[in-house]
Structure formats: structure tokens, C-alpha cells
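Q: Structure file structure.pdb (PDB, C-alpha atoms and all ligand atoms) is given on the next line.
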```
MODEL        1
ATOM      1  CA  MET Z   1      66.963  -6.380 -71.679
ATOM      2  CA  SER Z   2      68.442  -5.620 -68.291
ATOM      3  CA  ILE Z   3      67.407  -7.575 -65.206
ATOM      4  CA  ALA Z   4      65.849 -11.052 -65.337
ATOM      5  CA  PRO Z   5      63.802 -12.498 -62.468
ATOM      6  CA  ARG Z   6      66.031 -14.237 -59.933
ATOM      7  CA  ALA Z   7      64.630 -17.750 -60.414
ATOM      8  CA  VAL Z   8      62.820 -18.941 -63.539
ATOM      9  CA  LEU Z   9      61.299 -22.267 -64.627
ATOM     10  CA  ILE Z  10      60.436 -23.139 -68.238
ATOM     11  CA  THR Z  11      58.826 -26.343 -69.495
ATOM     12  CA  GLY Z  12      59.642 -27.827 -72.912
ATOM     13  CA  ALA Z  13      62.973 -25.994 -73.002
ATOM     14  CA  ASN Z  14      64.789 -28.368 -75.367
ATOM     15  CA  ARG Z  15      63.531 -26.959 -78.680
ATOM     16  CA  GLY Z  16      61.296 -24.347 -80.285
ATOM     17  CA  LEU Z  17      60.194 -21.360 -78.243
ATOM     18  CA  GLY Z  18      61.218 -22.937 -74.930
ATOM     19  CA  LEU Z  19      64.839 -23.237 -76.066
ATOM     20  CA  GLU Z  20      64.766 -19.711 -77.507
ATOM     21  CA  PHE Z  21      63.553 -18.373 -74.133
ATOM     22  CA  VAL Z  22      66.547 -19.968 -72.447
ATOM     23  CA  LYS Z  23      68.973 -18.593 -75.064
ATOM     24  CA  GLN Z  24      67.662 -15.054 -74.710
ATOM     25  CA  ILE Z  25      67.183 -14.998 -70.928
ATOM     26  CA  VAL Z  26      70.816 -15.999 -70.278
ATOM     27  CA  CYS Z  27      71.874 -12.926 -72.307
ATOM     28  CA  PHE Z  28      70.210 -10.430 -69.972
ATOM     29  CA  ALA Z  29      72.666  -7.913 -68.467
ATOM     30  CA  THR Z  30      71.686  -9.487 -65.128
ATOM     31  CA  PRO Z  31      70.678 -13.092 -65.906
ATOM     32  CA  PRO Z  32      68.679 -15.174 -63.432
ATOM     33  CA  LYS Z  33      70.520 -16.859 -60.603
ATOM     34  CA  TYR Z  34      68.622 -20.015 -61.518
ATOM     35  CA  LEU Z  35      67.037 -20.890 -64.838
ATOM     36  CA  PHE Z  36      65.405 -24.283 -64.446
ATOM     37  CA  ALA Z  37      65.158 -25.473 -68.032
ATOM     38  CA  THR Z  38      62.997 -28.574 -67.979
ATOM     39  CA  CYS Z  39      62.556 -31.099 -70.765
ATOM     40  CA  ARG Z  40      61.400 -34.661 -71.290
ATOM     41  CA  ASN Z  41      64.808 -36.045 -72.105
ATOM     42  CA  PRO Z  42      67.890 -34.120 -70.936
ATOM     43  CA  ASP Z  43      70.224 -36.737 -72.491
ATOM     44  CA  THR Z  44      69.119 -35.883 -76.033
ATOM     45  CA  ALA Z  45      68.606 -32.143 -75.444
ATOM     46  CA  THR Z  46      71.925 -31.273 -77.078
ATOM     47  CA  SER Z  47      71.192 -27.625 -77.959
ATOM     48  CA  LEU Z  48      69.954 -26.931 -74.444
ATOM     49  CA  GLN Z  49      72.950 -28.705 -72.903
ATOM     50  CA  GLU Z  50      75.233 -26.517 -75.052
ATOM     51  CA  VAL Z  51      73.661 -23.371 -73.577
ATOM     52  CA  ALA Z  52      73.922 -24.833 -70.064
ATOM     53  CA  LYS Z  53      77.640 -25.524 -70.579
ATOM     54  CA  SER Z  54      78.412 -21.847 -71.048
ATOM     55  CA  HIS Z  55      75.833 -20.425 -68.606
ATOM     56  CA  SER Z  56      75.999 -21.883 -65.122
ATOM     57  CA  CYS Z  57      72.577 -20.454 -64.157
ATOM     58  CA  VAL Z  58      70.932 -22.972 -66.519
ATOM     59  CA  LYS Z  59      69.932 -26.109 -64.665
ATOM     60  CA  VAL Z  60      68.664 -28.731 -67.108
ATOM     61  CA  MET Z  61      66.061 -30.851 -65.333
ATOM     62  CA  LYS Z  62      63.974 -33.787 -66.448
ATOM     63  CA  LEU Z  63      60.236 -33.187 -66.646
ATOM     64  CA  ASP Z  64      57.596 -34.912 -68.701
ATOM     65  CA  VAL Z  65      54.671 -32.573 -68.017
ATOM     66  CA  CYS Z  66      52.262 -35.527 -68.203
ATOM     67  CA  ASP Z  67      54.105 -37.390 -65.440
ATOM     68  CA  PHE Z  68      52.187 -35.695 -62.657
ATOM     69  CA  ASN Z  69      53.591 -38.024 -60.004
ATOM     70  CA  SER Z  70      57.055 -36.603 -60.635
ATOM     71  CA  PHE Z  71      56.078 -32.964 -59.970
ATOM     72  CA  ASN Z  72      56.544 -33.020 -56.221
ATOM     73  CA  ASN Z  73      60.049 -34.461 -56.468
ATOM     74  CA  LEU Z  74      61.007 -31.789 -58.971
ATOM     75  CA  LYS Z  75      59.625 -29.106 -56.667
ATOM     76  CA  GLU Z  76      61.598 -30.501 -53.733
ATOM     77  CA  ASN Z  77      64.812 -30.580 -55.799
ATOM     78  CA  ILE Z  78      64.298 -27.036 -56.992
ATOM     79  CA  SER Z  79      63.336 -25.872 -53.519
ATOM     80  CA  SER Z  80      66.547 -27.210 -52.028
ATOM     81  CA  MET Z  81      68.602 -25.509 -54.751
ATOM     82  CA  LEU Z  82      66.839 -22.200 -54.011
ATOM     83  CA  GLU Z  83      68.022 -22.369 -50.375
ATOM     84  CA  GLY Z  84      65.031 -20.711 -48.756
ATOM     85  CA  GLU Z  85      64.259 -18.310 -51.604
ATOM     86  CA  GLY Z  86      61.220 -18.551 -53.867
ATOM     87  CA  LEU Z  87      60.664 -19.123 -57.567
ATOM     88  CA  ASN Z  88      59.723 -15.893 -59.333
ATOM     89  CA  PHE Z  89      58.654 -16.803 -62.824
ATOM     90  CA  ILE Z  90      57.196 -19.886 -64.517
ATOM     91  CA  VAL Z  91      56.506 -20.327 -68.234
ATOM     92  CA  CYS Z  92      54.204 -23.270 -68.996
ATOM     93  CA  ASN Z  93      55.431 -23.641 -72.543
ATOM     94  CA  ALA Z  94      55.345 -27.372 -73.358
ATOM     95  CA  ALA Z  95      52.405 -28.368 -75.531
ATOM     96  CA  ILE Z  96      51.342 -30.616 -78.375
ATOM     97  CA  HIS Z  97      49.272 -29.880 -81.455
ATOM     98  CA  LEU Z  98      47.623 -33.026 -82.856
ATOM     99  CA  ARG Z  99      45.677 -31.790 -85.878
ATOM    100  CA  SER Z 100      42.189 -33.131 -86.450
ATOM    101  CA  GLY Z 101      38.874 -31.772 -87.688
ATOM    102  CA  PHE Z 102      35.208 -32.495 -87.025
ATOM    103  CA  ALA Z 103      35.187 -35.982 -88.621
ATOM    104  CA  ASP Z 104      38.544 -37.373 -87.546
ATOM    105  CA  THR Z 105      38.820 -36.110 -83.972
ATOM    106  CA  THR Z 106      38.841 -39.059 -81.585
ATOM    107  CA  PRO Z 107      38.437 -39.290 -77.810
ATOM    108  CA  GLU Z 108      42.102 -40.310 -77.662
ATOM    109  CA  LEU Z 109      43.261 -37.187 -79.544
ATOM    110  CA  MET Z 110      41.095 -34.913 -77.394
ATOM    111  CA  THR Z 111      42.268 -36.520 -74.178
ATOM    112  CA  SER Z 112      45.931 -36.578 -75.079
ATOM    113  CA  VAL Z 113      46.054 -32.904 -76.093
ATOM    114  CA  TYR Z 114      43.950 -31.839 -73.099
ATOM    115  CA  THR Z 115      46.239 -33.717 -70.722
ATOM    116  CA  THR Z 116      49.410 -32.058 -72.017
ATOM    117  CA  ASN Z 117      48.047 -28.591 -72.752
ATOM    118  CA  VAL Z 118      45.625 -28.091 -69.853
ATOM    119  CA  VAL Z 119      45.922 -30.665 -67.064
ATOM    120  CA  ALA Z 120      49.713 -30.292 -66.978
ATOM    121  CA  PRO Z 121      49.824 -26.478 -66.591
ATOM    122  CA  VAL Z 122      47.064 -26.601 -63.953
ATOM    123  CA  THR Z 123      48.876 -29.279 -61.956
ATOM    124  CA  LEU Z 124      52.284 -27.652 -62.348
ATOM    125  CA  ALA Z 125      50.932 -24.336 -61.065
ATOM    126  CA  GLN Z 126      49.346 -26.081 -58.049
ATOM    127  CA  THR Z 127      52.648 -27.808 -57.281
ATOM    128  CA  PHE Z 128      54.830 -24.715 -57.579
ATOM    129  CA  VAL Z 129      52.522 -22.092 -56.099
ATOM    130  CA  PRO Z 130      54.135 -22.365 -52.631
ATOM    131  CA  LEU Z 131      57.470 -21.345 -54.194
ATOM    132  CA  LEU Z 132      55.821 -18.487 -56.119
ATOM    133  CA  LYS Z 133      54.143 -17.326 -52.890
ATOM    134  CA  LEU Z 134      57.466 -17.440 -51.094
ATOM    135  CA  ALA Z 135      59.035 -15.315 -53.844
ATOM    136  CA  ALA Z 136      56.230 -12.757 -53.559
ATOM    137  CA  GLN Z 137      56.532 -12.661 -49.760
ATOM    138  CA  LYS Z 138      60.295 -12.175 -49.901
ATOM    139  CA  SER Z 139      60.131  -9.414 -52.504
ATOM    140  CA  SER Z 140      60.382  -5.811 -51.378
ATOM    141  CA  GLU Z 141      58.900  -4.589 -54.703
ATOM    142  CA  LYS Z 142      55.583  -2.802 -54.686
ATOM    143  CA  GLY Z 143      52.807  -4.163 -56.945
ATOM    144  CA  MET Z 144      52.920  -7.237 -59.171
ATOM    145  CA  SER Z 145      55.662  -8.047 -61.651
ATOM    146  CA  TRP Z 146      57.630 -10.902 -63.171
ATOM    147  CA  HIS Z 147      60.525 -10.015 -60.850
ATOM    148  CA  LYS Z 148      58.217 -10.723 -57.938
ATOM    149  CA  ALA Z 149      56.002 -13.708 -58.876
ATOM    150  CA  ALA Z 150      54.323 -14.576 -62.170
ATOM    151  CA  LEU Z 151      52.890 -17.466 -64.115
ATOM    152  CA  VAL Z 152      52.718 -17.370 -67.916
ATOM    153  CA  ASN Z 153      50.674 -19.909 -69.847
ATOM    154  CA  MET Z 154      51.652 -20.232 -73.500
ATOM    155  CA  SER Z 155      48.343 -20.044 -75.280
ATOM    156  CA  SER Z 156      47.423 -19.417 -78.905
ATOM    157  CA  ILE Z 157      45.071 -17.219 -80.887
ATOM    158  CA  LEU Z 158      43.626 -20.578 -82.024
ATOM    159  CA  GLY Z 159      42.172 -20.840 -78.505
ATOM    160  CA  SER Z 160      40.284 -17.564 -78.823
ATOM    161  CA  VAL Z 161      36.554 -18.303 -79.177
ATOM    162  CA  GLU Z 162      35.840 -14.806 -80.451
ATOM    163  CA  SER Z 163      38.564 -14.888 -83.146
ATOM    164  CA  ASN Z 164      37.604 -18.289 -84.551
ATOM    165  CA  GLN Z 165      36.554 -17.824 -88.186
ATOM    166  CA  SER Z 166      37.739 -21.101 -89.699
ATOM    167  CA  GLY Z 167      36.781 -24.012 -87.426
ATOM    168  CA  GLY Z 168      38.720 -27.292 -87.348
ATOM    169  CA  LEU Z 169      41.666 -28.207 -85.116
ATOM    170  CA  TYR Z 170      39.348 -29.451 -82.374
ATOM    171  CA  PRO Z 171      41.818 -30.815 -79.804
ATOM    172  CA  TYR Z 172      44.266 -27.896 -79.961
ATOM    173  CA  ARG Z 173      41.705 -25.098 -80.144
ATOM    174  CA  ALA Z 174      39.677 -26.582 -77.282
ATOM    175  CA  SER Z 175      42.785 -27.121 -75.157
ATOM    176  CA  LYS Z 176      44.010 -23.551 -75.563
ATOM    177  CA  ALA Z 177      40.511 -22.161 -74.931
ATOM    178  CA  ALA Z 178      40.488 -24.160 -71.685
ATOM    179  CA  LEU Z 179      43.973 -22.907 -70.840
ATOM    180  CA  ASN Z 180      42.709 -19.354 -71.328
ATOM    181  CA  MET Z 181      39.982 -19.967 -68.739
ATOM    182  CA  VAL Z 182      42.530 -21.537 -66.413
ATOM    183  CA  THR Z 183      44.710 -18.431 -66.750
ATOM    184  CA  LYS Z 184      41.833 -16.073 -66.023
ATOM    185  CA  ASN Z 185      40.933 -18.157 -62.959
ATOM    186  CA  GLN Z 186      44.532 -18.184 -61.744
ATOM    187  CA  SER Z 187      44.734 -14.402 -62.153
ATOM    188  CA  ILE Z 188      41.797 -14.093 -59.749
ATOM    189  CA  ASP Z 189      42.659 -16.901 -57.329
ATOM    190  CA  LEU Z 190      46.349 -15.985 -56.943
ATOM    191  CA  LYS Z 191      45.944 -12.213 -56.884
ATOM    192  CA  THR Z 192      45.845 -11.969 -53.096
ATOM    193  CA  ASP Z 193      49.233 -13.687 -53.047
ATOM    194  CA  GLU Z 194      50.496 -11.084 -55.559
ATOM    195  CA  ILE Z 195      51.143 -13.722 -58.220
ATOM    196  CA  LEU Z 196      50.441 -12.599 -61.787
ATOM    197  CA  ALA Z 197      48.855 -14.946 -64.339
ATOM    198  CA  VAL Z 198      48.874 -14.105 -68.036
ATOM    199  CA  ALA Z 199      48.192 -16.067 -71.238
ATOM    200  CA  VAL Z 200      50.442 -15.314 -74.210
ATOM    201  CA  HIS Z 201      50.067 -15.898 -77.937
ATOM    202  CA  PRO Z 202      53.595 -16.052 -79.386
ATOM    203  CA  GLY Z 203      52.489 -15.276 -82.949
ATOM    204  CA  TRP Z 204      52.613 -17.849 -85.716
ATOM    205  CA  VAL Z 205      56.226 -18.898 -85.345
ATOM    206  CA  ARG Z 206      58.702 -20.985 -87.377
ATOM    207  CA  THR Z 207      59.170 -23.921 -85.008
ATOM    208  CA  ASP Z 208      58.415 -27.635 -85.433
ATOM    209  CA  MET Z 209      54.855 -26.839 -84.375
ATOM    210  CA  GLY Z 210      54.426 -23.637 -86.401
ATOM    211  CA  GLY Z 211      56.131 -24.986 -89.542
ATOM    212  CA  GLN Z 212      58.436 -23.217 -91.966
ATOM    213  CA  ALA Z 213      55.674 -21.126 -93.591
ATOM    214  CA  ALA Z 214      55.111 -19.181 -90.369
ATOM    215  CA  PRO Z 215      55.874 -15.459 -90.700
ATOM    216  CA  VAL Z 216      57.534 -14.890 -87.308
ATOM    217  CA  SER Z 217      60.994 -16.118 -86.301
ATOM    218  CA  PRO Z 218      61.549 -17.623 -82.838
ATOM    219  CA  THR Z 219      64.002 -14.785 -82.123
ATOM    220  CA  GLU Z 220      61.434 -12.085 -82.870
ATOM    221  CA  SER Z 221      58.631 -13.885 -81.018
ATOM    222  CA  VAL Z 222      60.646 -14.435 -77.855
ATOM    223  CA  GLN Z 223      62.142 -10.914 -77.892
ATOM    224  CA  GLY Z 224      58.601  -9.581 -78.071
ATOM    225  CA  MET Z 225      57.283 -11.873 -75.336
ATOM    226  CA  LEU Z 226      60.146 -10.993 -72.982
ATOM    227  CA  ASN Z 227      59.291  -7.310 -73.474
ATOM    228  CA  VAL Z 228      55.684  -8.123 -72.671
ATOM    229  CA  PHE Z 229      56.669 -10.113 -69.566
ATOM    230  CA  SER Z 230      58.943  -7.349 -68.297
ATOM    231  CA  SER Z 231      56.058  -4.878 -68.316
ATOM    232  CA  MET Z 232      53.400  -7.169 -66.791
ATOM    233  CA  SER Z 233      51.512  -5.562 -63.901
ATOM    234  CA  GLU Z 234      48.125  -5.489 -62.154
ATOM    235  CA  GLU Z 235      46.700  -3.971 -65.338
ATOM    236  CA  THR Z 236      47.689  -6.894 -67.557
ATOM    237  CA  ASN Z 237      46.971  -9.587 -64.953
ATOM    238  CA  GLY Z 238      44.427 -12.062 -66.360
ATOM    239  CA  THR Z 239      44.700 -11.055 -70.014
ATOM    240  CA  LEU Z 240      45.493 -12.857 -73.259
ATOM    241  CA  VAL Z 241      48.226 -10.860 -74.924
ATOM    242  CA  ASP Z 242      50.354 -11.455 -78.023
ATOM    243  CA  PHE Z 243      54.091 -11.099 -78.537
ATOM    244  CA  THR Z 244      53.687  -7.467 -79.621
ATOM    245  CA  GLY Z 245      51.826  -6.566 -76.427
ATOM    246  CA  THR Z 246      48.395  -6.395 -78.079
ATOM    247  CA  VAL Z 247      45.583  -7.636 -75.838
ATOM    248  CA  LEU Z 248      43.563 -10.285 -77.709
ATOM    249  CA  PRO Z 249      39.905 -11.266 -77.295
ATOM    250  CA  TRP Z 250      39.187 -14.413 -75.299
TER     251      TRP Z 250
HETATM  252  N1  LIG G 301      54.818 -22.121 -83.036
HETATM  253  C1  LIG G 301      53.685 -21.466 -83.126
HETATM  254  O1  LIG G 301      53.334 -20.906 -84.186
HETATM  255  C2  LIG G 301      52.794 -21.326 -81.925
HETATM  256  C3  LIG G 301      51.642 -20.543 -82.060
HETATM  257  C4  LIG G 301      50.800 -20.399 -80.968
HETATM  258  C5  LIG G 301      51.126 -20.992 -79.761
HETATM  259  N2  LIG G 301      52.259 -21.755 -79.645
HETATM  260  C6  LIG G 301      52.528 -22.350 -78.339
HETATM  261  O2  LIG G 301      53.861 -22.053 -77.954
HETATM  262  C7  LIG G 301      54.388 -23.118 -77.150
HETATM  263  C8  LIG G 301      55.714 -23.618 -77.726
HETATM  264  O3  LIG G 301      55.444 -24.058 -79.045
HETATM  265  P1  LIG G 301      56.611 -24.404 -80.071
HETATM  266  O4  LIG G 301      56.217 -23.786 -81.353
HETATM  267  O5  LIG G 301      57.934 -24.143 -79.474
HETATM  268  O6  LIG G 301      56.364 -25.987 -80.194
HETATM  269  P2  LIG G 301      57.390 -27.184 -80.557
HETATM  270  O7  LIG G 301      58.478 -26.655 -81.393
HETATM  271  O8  LIG G 301      56.529 -28.285 -81.065
HETATM  272  O9  LIG G 301      57.971 -27.577 -79.124
HETATM  273  C9  LIG G 301      57.098 -28.128 -78.174
HETATM  274  C10 LIG G 301      57.863 -28.343 -76.894
HETATM  275  O10 LIG G 301      56.953 -28.927 -75.947
HETATM  276  C11 LIG G 301      57.573 -30.070 -75.409
HETATM  277  N3  LIG G 301      56.619 -31.079 -74.941
HETATM  278  C12 LIG G 301      55.550 -31.618 -75.560
HETATM  279  N4  LIG G 301      54.974 -32.550 -74.785
HETATM  280  C13 LIG G 301      55.703 -32.592 -73.637
HETATM  281  C14 LIG G 301      55.629 -33.354 -72.456
HETATM  282  N5  LIG G 301      54.681 -34.266 -72.253
HETATM  283  N6  LIG G 301      56.539 -33.104 -71.472
HETATM  284  C15 LIG G 301      57.506 -32.177 -71.637
HETATM  285  N7  LIG G 301      57.643 -31.450 -72.743
HETATM  286  C16 LIG G 301      56.754 -31.661 -73.738
HETATM  287  C17 LIG G 301      58.421 -30.628 -76.548
HETATM  288  O11 LIG G 301      59.360 -31.539 -76.035
HETATM  289  P3  LIG G 301      59.829 -32.867 -76.879
HETATM  290  O12 LIG G 301      60.985 -32.411 -77.732
HETATM  291  O13 LIG G 301      60.198 -33.836 -75.823
HETATM  292  O14 LIG G 301      58.653 -33.318 -77.712
HETATM  293  C18 LIG G 301      59.022 -29.321 -77.049
HETATM  294  O15 LIG G 301      60.086 -28.924 -76.211
HETATM  295  C19 LIG G 301      53.291 -24.189 -77.108
HETATM  296  O16 LIG G 301      52.532 -24.012 -75.939
HETATM  297  C20 LIG G 301      52.443 -23.867 -78.318
HETATM  298  O17 LIG G 301      51.122 -24.332 -78.204
HETATM  299  C21 LIG G 301      53.089 -21.937 -80.696
ENDMDL
END
```
Rewrite the coordinates I just gave you, this time as C-alpha cells.
Ligand SMILES: NC(=O)c1ccc[n+]([C@@H]2O[C@H](COP(=O)([O-])OP(=O)(O)OC[C@H]3O[C@@H](n4cnc5c(N)ncnc54)[C@H](OP(=O)(O)O)[C@@H]3O)[C@@H](O)[C@H]2O)c1

A:
Amino acid sequence: MSIAPRAVLITGANRGLGLEFVKQIVCFATPPKYLFATCRNPDTATSLQEVAKSHSCVKVMKLDVCDFNSFNNLKENISSMLEGEGLNFIVCNAAIHLRSGFADTTPELMTSVYTTNVVAPVTLAQTFVPLLKLAAQKSSEKGMSWHKAALVNMSSILGSVESNQSGGLYPYRASKAALNMVTKNQSIDLKTDEILAVAVHPGWVRTDMGGQAAPVSPTESVQGMLNVFSSMSEETNGTLVDFTGTVLPW
């Protein structure tokens, strides 16, 4: 891959797909000037800190995506580091998957998963949209792209209402279905500011969440998603797409 967006923010960057994004994005021929790699606990994020040691663009920053009161401070910190420039690309990657079916789903499980997987991405996008707008305004590129301004929500095929053949997994499925609606809304509401919004299914991937039986490696998934991101445009704005570039049903 050749040129990364100038300034990128990723949530949940300490392990799994978030960490793999950081590892691959720093290897672009032209890496970002700033890669804000956020995680709940920077002190224990040893793999991420290793990458940051050898790539000065990686700025490890503390963010619990459920600590909404901390968002504004983070935005102010990032804004001052950007020195008047905008933030081009955000990946809302952090999520939880608490497994429960019809009988054992509780209000607490539903609420907890919804808070992390839906309320957090909505609130993060609201907080950072001024920096995305600034990036779009400062860009001389025509049309919409990840180099200009884009928001990616990490979704899942498990959130697709149309593809659901097996039931179960109430909190996670419902949260990702809601995130899909959020993404579609964002693609409409932010279009006039030339900010893209896309939902991505990374495949079933061998991470802590996906488990070791998953058929796709993090390397393959993230390579595929970065290809997808690099070709995002008006045509793919407001779609649910997988790591191979296939558009999936909502
Ligand atoms: N793996 C799959 O097969 C698969 C399939 C479809 C969709 N996805 C989606 O892909 C994304 C990444 O999944 P993954 O497989 O990499 O999952 P993972 O290995 O379980 O990693 C989840 C990441 O989210 C972070 N996180 C969770 N709650 C957080 C919070 N409150 N604040 C900040 N960070 C938080 C975790 O940080 P901590 O280390 O602090 O817990 C971790 O970095 C998720 O959105 C997931 O739903 C994955």
C-alpha cells in the first residue's frame, strides 16, 4: 500500500484487529504523520508500545470508549498535536461480544454491549466530527476518500438482519445491527461535509473475540480492509462491506 491518510485514529488498538491495523498502517510507503492508537490501558499495551517505539508517528493514547466524559479532553489533546490540521480517518474498532441467547440474555448484558458497541462510536463520532470536517475543508482532493475524511465503524455480519439464519447472540447481534443503522445515518448526515461513513465486516478472524477456529488471519483481514478503505468513495458511502470488498445486505 502506498499513501496512508495524514492523521488516523483507531480505538482498541492494543490487541486483535486494532493492533494489526497499527502494524500494517505504519508499513505504508508513506505512513501517516499521526496515528493515534488509543487503548484502555497504555501501561499494559506492550505489543502496541513496541510498535510505537520504532514508529514515531504512533501516539499511544488512553481511551476507554465507555468513559464519555474523557472524549473532549482527548479531542483537545489530539487537536493541539495536529497544529491546525484536521483528522482524516477514524476506525471505531473497540467492541465487546458477551454471548447470550434468548433465555440467558439480561438487561445488564444488553446494556453493557450496547454502551460499548453503539453509544461509544456514536459519541466518539460526534466529538471528533469537527476535526474530520477540518480535514475535509483543508483537502484539495476532489470527491470523498479516506485521505480526505472518513469514519469506519467495525461491524459484523452477525449484525445483518437479512443474513441471520441462526438466531442467538442477542446483545452482540442487536448492537451491530444498531451500529449499521448509525453508519447509514452518518453517511447521510455527514455527506455535505464530505465525510465518508462505512460499516465493515472483517470476516471471522482469529483474535480473542473470533477464537482460534476462525478461518481468517488478522493479517489477511486487515490487508483486505485497508484495500477496501483505500478505494472508498461516494459510491461505497453508507454501505456494509466485508474485508474482500463485497457489499453485504443490511
Ligand atoms: N474477530 C472477529 O471474528 C470479528 C468478526 C466480526 C466483527 N469483529 C469486530 O472487529 C472489531 C475488533 O474485534 P477483535 O476481533 O479485534 O476483538 P478483540 O480481540 O476482542 O479486541 C477487542 C478490542 O476492543 C477493546 N475494547 C473493548 N472494550 C473497550 C473499551 N471500553 N474501551 C476501549 N477499548 C475497548 C479491547 O481492549 P481491552 O484489551 O482493554 O479489552 C480490544 O483492544 C470489533 O468491533 C468486533 O466486533 C470481529

Q: As a check of understanding, name the residues that the PyMOL selection byres (((chain Z and resi 223) around 12) and not hetatm) selects in the supplied structure, as number ranges by chain.

A: Z: 1, 17, 20-25, 27-28, 202-203, 216-222, 224-230, 242-245

Q: Under the PyMOL selection byres (((chain Z and resi 156) around 7) and not hetatm), which residues of this model are included? Write them out as number ranges by chain.

A: Z: 154-155, 157-159, 176, 200-201

Q: Name each residue within 6 Å of ligand LIG 301 (chain G), counting all atoms listed in the file, as a PyMOL selection string.

A: chain Z and resi 12-18+39-40+63-66+93-96+116+154-156+201-210

Q: How big is the axis-aligned box, and where does its centre sit, when it encloses all atoms of stretch 146-149 of chain Z listed in the file and has 5 Å added on every side, reported in Å to one decimal as lines of an AutoDock Vina configuration file?

A:
```
center_x = 58.3
center_y = -11.9
center_z = -60.6
size_x = 14.5
size_y = 13.7
size_z = 15.2
```

Q: Counting only C-alpha atoms, which of Z:Leu190, Z:Phe71, Z:Trp146, Z:Arg99 gets nearest to Z:Pro32?

A: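 Using only C-alpha atoms, Z:Pro32 sits closest to Z:Trp146.
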
Q: May I ask which of the residues Z:Ala214, Z:Val247, Z:Ala150, Z:Ile10 is the closest one to Z:Ser187, counting all atoms listed in the file?

A: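 The shortest atom-to-atom distance to Z:Ser187 comes from Z:Ala150.
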
Q: Have a look at atom CA of Z:Pro5 and atom CA of Z:Asn88 and let me know their distance in Å, one decimal.

A: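 Result for atom CA of Z:Pro5 versus atom CA of Z:Asn88: 6.2 Å, one decimal.
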
Q: Could you pull the residues within 8 Å of Z:Ser79, counting all atoms listed in the file, minus those fewer than 6 positions along the same chain, as a list of chain:residue names?

A: Z:Glu85, Z:Gly86, Z:Leu131

Q: Keeping only C-alpha atoms, write those residues as an mmCIF file, in the frame of the given file.

A:
```
data_model
loop_
_atom_site.group_PDB
_atom_site.id
_atom_site.type_symbol
_atom_site.label_atom_id
_atom_site.label_comp_id
_atom_site.auth_asym_id
_atom_site.auth_seq_id
_atom_site.Cartn_x
_atom_site.Cartn_y
_atom_site.Cartn_z
ATOM 1 C CA GLU Z 85 64.259 -18.310 -51.604
ATOM 2 C CA GLY Z 86 61.220 -18.551 -53.867
ATOM 3 C CA LEU Z 131 57.470 -21.345 -54.194
#
```

Q: Would you list the contacts of Z:Gly168 as a VMD selection string, taking every protein, DNA or RNA residue within 9 Å and counting only C-alpha atoms, but skipping same-chain residues closer than 2 positions in sequence?

A: chain Z and resid 99 to 102 166 170 to 171 173

Q: State, in Å with one decimal place, the distance from atom CA of Z:Val51 to atom CA of Z:Ala149.

A: 24.9 Å

Q: Find the residues around Z:Met110 up to 10 Å (only C-alpha atoms counted), leave out those fewer than 2 positions away in its own chain, and share them as a ChimeraX atom specification.

A: /Z:98,100,105-108,112-115,170-172,174-175

Q: When the PyMOL selection byres (((chain Z and resi 56) around 12) and not hetatm) is applied to the structure above, which residues does it catch, written out as a PyMOL selection string?

A: chain Z and resi 26+31-37+49-55+57-60

Q: Deliver the residues from the most recent selection as a file, using C-alpha atoms, as a short mmCIF file (atom, residue, chain, number, x, y, z; two decimals), in the coordinates of the input.

A:
```
data_model
loop_
_atom_site.label_atom_id
_atom_site.label_comp_id
_atom_site.auth_asym_id
_atom_site.auth_seq_id
_atom_site.Cartn_x
_atom_site.Cartn_y
_atom_site.Cartn_z
CA VAL Z 26 70.82 -16.00 -70.28
CA PRO Z 31 70.68 -13.09 -65.91
CA PRO Z 32 68.68 -15.17 -63.43
CA LYS Z 33 70.52 -16.86 -60.60
CA TYR Z 34 68.62 -20.02 -61.52
CA LEU Z 35 67.04 -20.89 -64.84
CA PHE Z 36 65.40 -24.28 -64.45
CA ALA Z 37 65.16 -25.47 -68.03
CA GLN Z 49 72.95 -28.70 -72.90
CA GLU Z 50 75.23 -26.52 -75.05
CA VAL Z 51 73.66 -23.37 -73.58
CA ALA Z 52 73.92 -24.83 -70.06
CA LYS Z 53 77.64 -25.52 -70.58
CA SER Z 54 78.41 -21.85 -71.05
CA HIS Z 55 75.83 -20.42 -68.61
CA CYS Z 57 72.58 -20.45 -64.16
CA VAL Z 58 70.93 -22.97 -66.52
CA LYS Z 59 69.93 -26.11 -64.67
CA VAL Z 60 68.66 -28.73 -67.11
#
```

Q: How far is it from atom CA of Z:Val119 to atom CA of Z:Ala7, in Å with one decimal?

A: 23.7 Å

Q: Using all atoms listed in the file, pick whichever of Z:His147, Z:Arg6, Z:Lys191, Z:Lys184 has the shortest atom-to-atom distance to Z:Ser231.

A: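 Smallest distance to Z:Ser231 is found for Z:His147.
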
Q: With all atoms listed in the file as the atoms that count, which of Z:Val241, Z:Leu48, Z:Ala125, Z:Val182 lies nearest to Z:Met61?

A: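 So, comparing all the options, the nearest one is Z:Leu48.
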
Q: Which of these, Z:Pro130, Z:Ala103, Z:Leu19, Z:Thr11, has the shortest distance to Z:Lys62 once you count all atoms listed in the file?

A: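 Using all atoms listed in the file, the shortest distance to Z:Lys62 belongs to Z:Thr11.
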
Q: Pick the closest to Z:Thr246 from Z:Ala199, Z:Val122, Z:Glu234, Z:Ala178: which is it, counting all atoms listed in the file?

A: Z:Ala199
